[in-house]
Amino acid sequence: MELYVVLKVVWAVLLGVLLSGLAVMVGMDMGVGTLLRFVGKNDAERRVVLNIIGPHWDGNQVWFILGGGAIFAAFPTLYATSFSVFYVVMILLLFSMIMRPVAFEYRSKVDTKKWRGTWDWAFLISGALPMIVYGAAFGNVMQGVGFHYGWDGQYYQDESFIFYLLNPFALLCGVMSLALSIQQGGTMLMLRGEQPIYGRARKAAIIGGVVGVVLFIIGGFWVAHINGYAFTGPVDPGAPATPLSGQTVAPVVGAWLHNYAAYPILWVLPGLGVAGMLGAAVMNLAAKPVLAWWLGAIGWIGAIFTTGASMFPFLMPSTTNPSQSLTVWNAAGSQYNLSWMLFFALVFTPIIICYTSWCFYVMRGKVKVEHVADDEHSY
Amino acid sequence: MPLIDPSVVDLSRLQFALTALYHFIFVPLTLGMTFLLAAMETVYVITGKQIYKDMTQFWGKLFGINFAIGVATGLTMEFEFGTNWSMYSHFVGDVFGTPLAIEGLMAFFMESTFIGLMFFGWDRLSKPGHLAVTYLTALGSNLSALWILIANGFMQNPRGASFNPDTMRMEFNSFLKLVFSEDAQAKFVHTSIAGFVTGALFVMGISAFYILRRQHREFAARSFRMAALFGVISSLAVVTLGDALGRLDYLVQPTKIAAIEGLWQDSDAGGSAAAAPWLLFALPDQAAQTNLVEFGIPYVLDPLVAHSFSTNIPGLISLEKQAGPRIKKGIAALNALQAYGKDHGAAALATFKANESDMGYGFLAQRYAPNQDLSKITPANQDAVVAQAEKDTIPNVFVTFWSFRIMMILGFYFVGLFAFAAFFSLKNRLERNPLLLKLCVWSIPLPVLACEFGWITAEAGRQPWSVYRWLPTFQAASSHSVGYMVFSLIGFALLYSVFIAAELYLMFKFARLGPQPHQAAAPEAAPAPMFAAPAE
Amino acid sequence: MGKYFTFVGLGLVLALALLLAVVAGDYGPWYFAWMVGTVMIVLIAGCGAVLFDAQHEKGEGEI
């Protein structure tokens, strides 16, 4: 196989890895933010909750920024088109995301009920909304989006934002994503929190996991009845990447299961998803949060790669001009660019994993109410 | 094919400018404060004196208040290219996205992970361990600026990529050319050091406030000393780098330097290039292509800009005329490109290749073509189209001229202020100079202002291009509706106003409060100097 | 043993710094200037503080 095709496939897989990293790490913090008002009944408890992820939220959030940057570089046309066609939700996502860093830093700096209460609401919105948008984006992309390109590569939007805002399948994916983030966040609170936070978080995490797995399975059956997309002519995966010409595509009901029919081994992925989510719920029930955290992460990875495997090589199909659908083959960067990016990813990812783990190791142990009250650096 | 509604382009530009300027209120302080904190902690680790730890922690607290909004508003920037500049992202994403992605991998991860440890790890790390963490945070935040400015350098002077007619975009072809682009280099150092100046004046100003009030005397005097020395070298370096950048602009962006200097006629129009005046004051009139009032110093312009006494610096009027032939070639290039897109024919490709370097100028003509369709341009109407498009090839002179001057005057003011401050601090005569101290307090916001005007000079001076000579700004925008833009602009305005109100409130609150007595009152058990005793 | 590793670590940092300096000096003179300049700025600011301590060793004094 040519090098360019290999690079495109590698970057498609790395895109999945990035989206998984984002889901696990950012999702965990978002879950904690969502749960803040419910597991912390008084100010002291809420401060403990915040300080459990206090040293890590900023580093975790980089997954989100890196996700944006890597899509920009590795799939420029996907970045250019998806962020613009989903303008309204992307802006809502940004509004909610930018509240978080400020909320962390400012909430506990003023000791009045009104000030802290306001920021606590900001945590709820900025925790729940991004996760719903994140999941809904998957749901929308799977069903295709109305757009086409002019001769010079400028995109034109062909549908109103109402379609993707209130799309039932996308909403199901959004709620599932929120549930999984609550599972992951609740588990984290069990890891580093004590009673009574521990017990409340455990309850939320179990419910999150069960809801997540149920919706995942419903989604799987639903996909068989929605439009997938399939090539109707020959495609050259190694061709220069442009959506303007070179492929013919048509919508086909159930096409998203074709890859599974062709390669039954892929069923492992949804299997991992179900096993991870369900396993995490069981481990939480058994009060084993470490195992539950890792199983929850596997659940996320399984769910994201299930979606990726079912759509591959499609990234964002177009409903109004299917032949200009974005795929791994026609939305990727140039070979030179993908090679350099891969080089940097290979060098820096191990380094990042090392120092992130070291940071978690240094900050290990339970966060106690009296620590938070004494330490003036705490949130 | 119709172009995007001009009001959407204007609103997109407004939104990007506002969010970028807002982001840039907080970034310079981060760039400078991190290294200043590292310097303070270094003294703590070497001497073992508790007061330097208190300094690091107190200034670190103020830094944290600022840092949070910097991170928050940075999120907007990373996504705004996609949400509002779709054509831009498609056109240069292959080369422009790469430094942004590397920034995430190499710098932002480092900065964000270690900043958590920097705030929370005081009791969990050894002294050298914590110091290393502080340095890594400082390095991370500046490396972050490096990659962003490499990306910006590409917009100013596109190097390391070429246009590929098969994919209709610029494609990356030289990593070294991109990273070591002179524009990127000089701009990074200029920006980073401008951050150092901002951080230094912030610490110096607040320390001056304490000294004036006779509060936290020991604490404030040391902070003042360190910040003054930090600032005096930084401010000199900023001016040096500013000169280097000006010379680069003269070499690669003649329209920007002419606009900066308010130069309508060529500099040798008055007889000799050397005698041309450097304008101190001018009221540029874009429509009449002249300055209504101007006042300058002769024999300064040429050595300042071109580092010579005999080089002609082309004025805006002749630069505009020079654009005419390029626009014609650009029209031919784009028509050939469109034909090539349909049939992939060799003839169209050959015509395109012959005119490729001017294709950006063709985009400029598009808005004046009949039905905004370049293929409708005939020899009969071509000259009229070109004459209109020519006018668009130069930036807004008033904005560029004045933002540059404000930035520059502030820059020299900082050199003077820091020089006096450092002098009196070293002489231990600060308390006898309350006027200087007051000046320091009132100057705290000025470096931020200078940074903002620097950004405006660089980006307004680049217009009408978003990628210099390749892609005009109006072509780069996403084809949104006005309603979308109003929605996002109102949201950003509301949120950002709340943020800045909260940040100023907290900043004033904690700065007034000063370092907390219980910090200083809790001496550590035996402050063991790190490099002293050969024991063990 | 710990000392030994410290020396090896510092040696590696030194080698890396030299390599960076050579490459940056060749291709990116301004980058090189930034590295040298930033270290210098930090050190001079630190020296200023140490000098302050020396000036005020004998009690309070003027500031």
# chains A, B, ... in the order shown; residues from 1 in each chain; ligands from 1
call {"tool": "residues_around", "arguments": {"residues": "region 49-60 of chain C", "least_positions_apart": "5", "cutoff": "8 Å", "atoms": "only C-alpha atoms", "output": "list of chain:residue names"}}
result
B:Val43, B:Arg222, B:Arg225, B:Met226, B:Leu426
call {"tool": "residues_around", "arguments": {"residues": "region 14-27 of chain C", "least_positions_apart": "5", "cutoff": "12 Å", "atoms": "only C-alpha atoms", "output": "list in words"}}
result
Leu176, Lys177, Leu178, Val179, Phe180, Ser181, Glu182 and Gln185 of chain B; Phe7, Val8, Gly9, Phe32, Ala33, Trp34, Met35, Val36 and Val39 of chain C
call {"tool": "interface_residues", "arguments": {"of": "chain A", "to": "chain B", "cutoff": "6 Å", "atoms": "only C-alpha atoms", "output": "list in words"}}
result
Pro55, Asp58, Gly59, Val62, Leu66, Gly69, Ala70, Phe72, Ala73, Pro76, Thr77, Tyr79, Ala80, Phe83, Ser84, Tyr87, Ile98, Pro101, Val102, Gln154, Ala241, Thr242, Gly333 and Asn337 of chain A
call {"tool": "interface_residues", "arguments": {"of": "chain B", "to": "chain C", "cutoff": "9 Å", "atoms": "only C-alpha atoms", "output": "MDAnalysis selection string"}}
result
chainID B and resid 35:36 38:40 42:43 47 176 179:182 185:186 188:189 192:193 211 217:218 221:223 225:231 233:234 237 241 424:432
call {"tool": "closest_residue", "arguments": {"among": "B:Phe295, B:Tyr361, B:Phe281, B:Tyr368", "to": "Ile331 (chain B)", "atoms": "only C-alpha atoms"}}
result
B:Tyr361
call {"tool": "residues_around", "arguments": {"residues": "Ile182 (chain A)", "least_positions_apart": "5", "cutoff": "10 Å", "atoms": "only C-alpha atoms", "output": "list in words"}}
result
Gly27, Met28, Asp29, Met30, Gly31, Val32, Gly33, Thr34, Leu35, Gly127, Ala128, Met131, Met176, Ser177, Thr187, Met188, Ala201, Ala204, Ala205, Ile206, Ile207, Gly208, Gly209 and Gly212 of chain A
call {"tool": "residues_around", "arguments": {"residues": "Ala138 (chain B)", "least_positions_apart": "3", "cutoff": "6 Å", "atoms": "only C-alpha atoms", "output": "PyMOL selection string"}}
result
chain B and resi 34-35+135+141
call {"tool": "residues_around", "arguments": {"residues": "Pro445 (chain B)", "least_positions_apart": "4", "cutoff": "10 Å", "atoms": "only C-alpha atoms", "output": "list in words"}}
result
Ile25, Thr198, Leu201, Phe202, Gly205, Val441, Leu449 and Ala450 of chain B
call {"tool": "select_by_dssp", "arguments": {"residues": "chain C", "states": "alpha helix (DSSP H)", "output": "PyMOL selection string"}}
result
chain C and resi 2-27+29-55
call {"tool": "write_last_selection", "arguments": {"atoms": "C-alpha atoms", "output": "CSV table (one decimal), in the first residue's frame"}}
result
chain,number,residue,atom,x,y,z
C,2,GLY,CA,21.7,9.8,43.8
C,3,LYS,CA,24.5,12.3,43.2
C,4,TYR,CA,25.8,10.3,40.3
C,5,PHE,CA,22.4,10.4,38.6
C,6,THR,CA,22.2,14.1,39.3
C,7,PHE,CA,25.5,14.6,37.4
C,8,VAL,CA,24.4,12.4,34.6
C,9,GLY,CA,21.1,14.3,34.4
C,10,LEU,CA,22.8,17.7,34.4
C,11,GLY,CA,25.3,16.5,31.8
C,12,LEU,CA,22.4,15.5,29.5
C,13,VAL,CA,20.7,18.8,30.0
C,14,LEU,CA,24.0,20.5,29.2
C,15,ALA,CA,24.5,18.4,26.0
C,16,LEU,CA,20.9,19.2,24.9
C,17,ALA,CA,21.5,22.9,25.6
C,18,LEU,CA,24.6,22.9,23.5
C,19,LEU,CA,22.9,21.0,20.7
C,20,LEU,CA,20.0,23.5,20.8
C,21,ALA,CA,22.4,26.4,20.8
C,22,VAL,CA,24.3,25.2,17.8
C,23,VAL,CA,21.2,24.5,15.7
C,24,ALA,CA,19.4,27.6,16.8
C,25,GLY,CA,22.4,29.8,16.3
C,26,ASP,CA,22.7,28.5,12.7
C,27,TYR,CA,19.1,28.6,11.6
C,29,PRO,CA,19.5,33.7,15.4
C,30,TRP,CA,16.6,35.4,17.1
C,31,TYR,CA,15.5,32.1,18.7
C,32,PHE,CA,19.0,31.8,20.0
C,33,ALA,CA,18.9,35.3,21.2
C,34,TRP,CA,15.7,34.6,23.1
C,35,MET,CA,17.2,31.6,24.9
C,36,VAL,CA,20.3,33.3,25.9
C,37,GLY,CA,18.4,36.6,26.7
C,38,THR,CA,15.8,34.9,28.8
C,39,VAL,CA,18.3,33.1,31.0
C,40,MET,CA,20.2,36.3,31.4
C,41,ILE,CA,17.1,38.3,32.3
C,42,VAL,CA,16.1,35.7,35.0
C,43,LEU,CA,19.6,35.6,36.4
C,44,ILE,CA,20.0,39.3,36.6
C,45,ALA,CA,16.7,39.7,38.3
C,46,GLY,CA,17.8,37.0,40.8
C,47,CYS,CA,21.1,38.8,41.3
C,48,GLY,CA,19.3,42.0,42.0
C,49,ALA,CA,17.4,40.3,44.9
C,50,VAL,CA,20.6,38.8,46.3
C,51,LEU,CA,22.3,42.2,46.1
C,52,PHE,CA,19.3,43.7,47.9
C,53,ASP,CA,19.8,41.2,50.7
C,54,ALA,CA,23.5,42.1,50.9
C,55,GLN,CA,22.8,45.8,51.0
call {"tool": "atom_distance", "arguments": {"atom1": "CA of Asn433 (chain B)", "atom2": "CA of His216 (chain B)"}}
result
17.8 Å
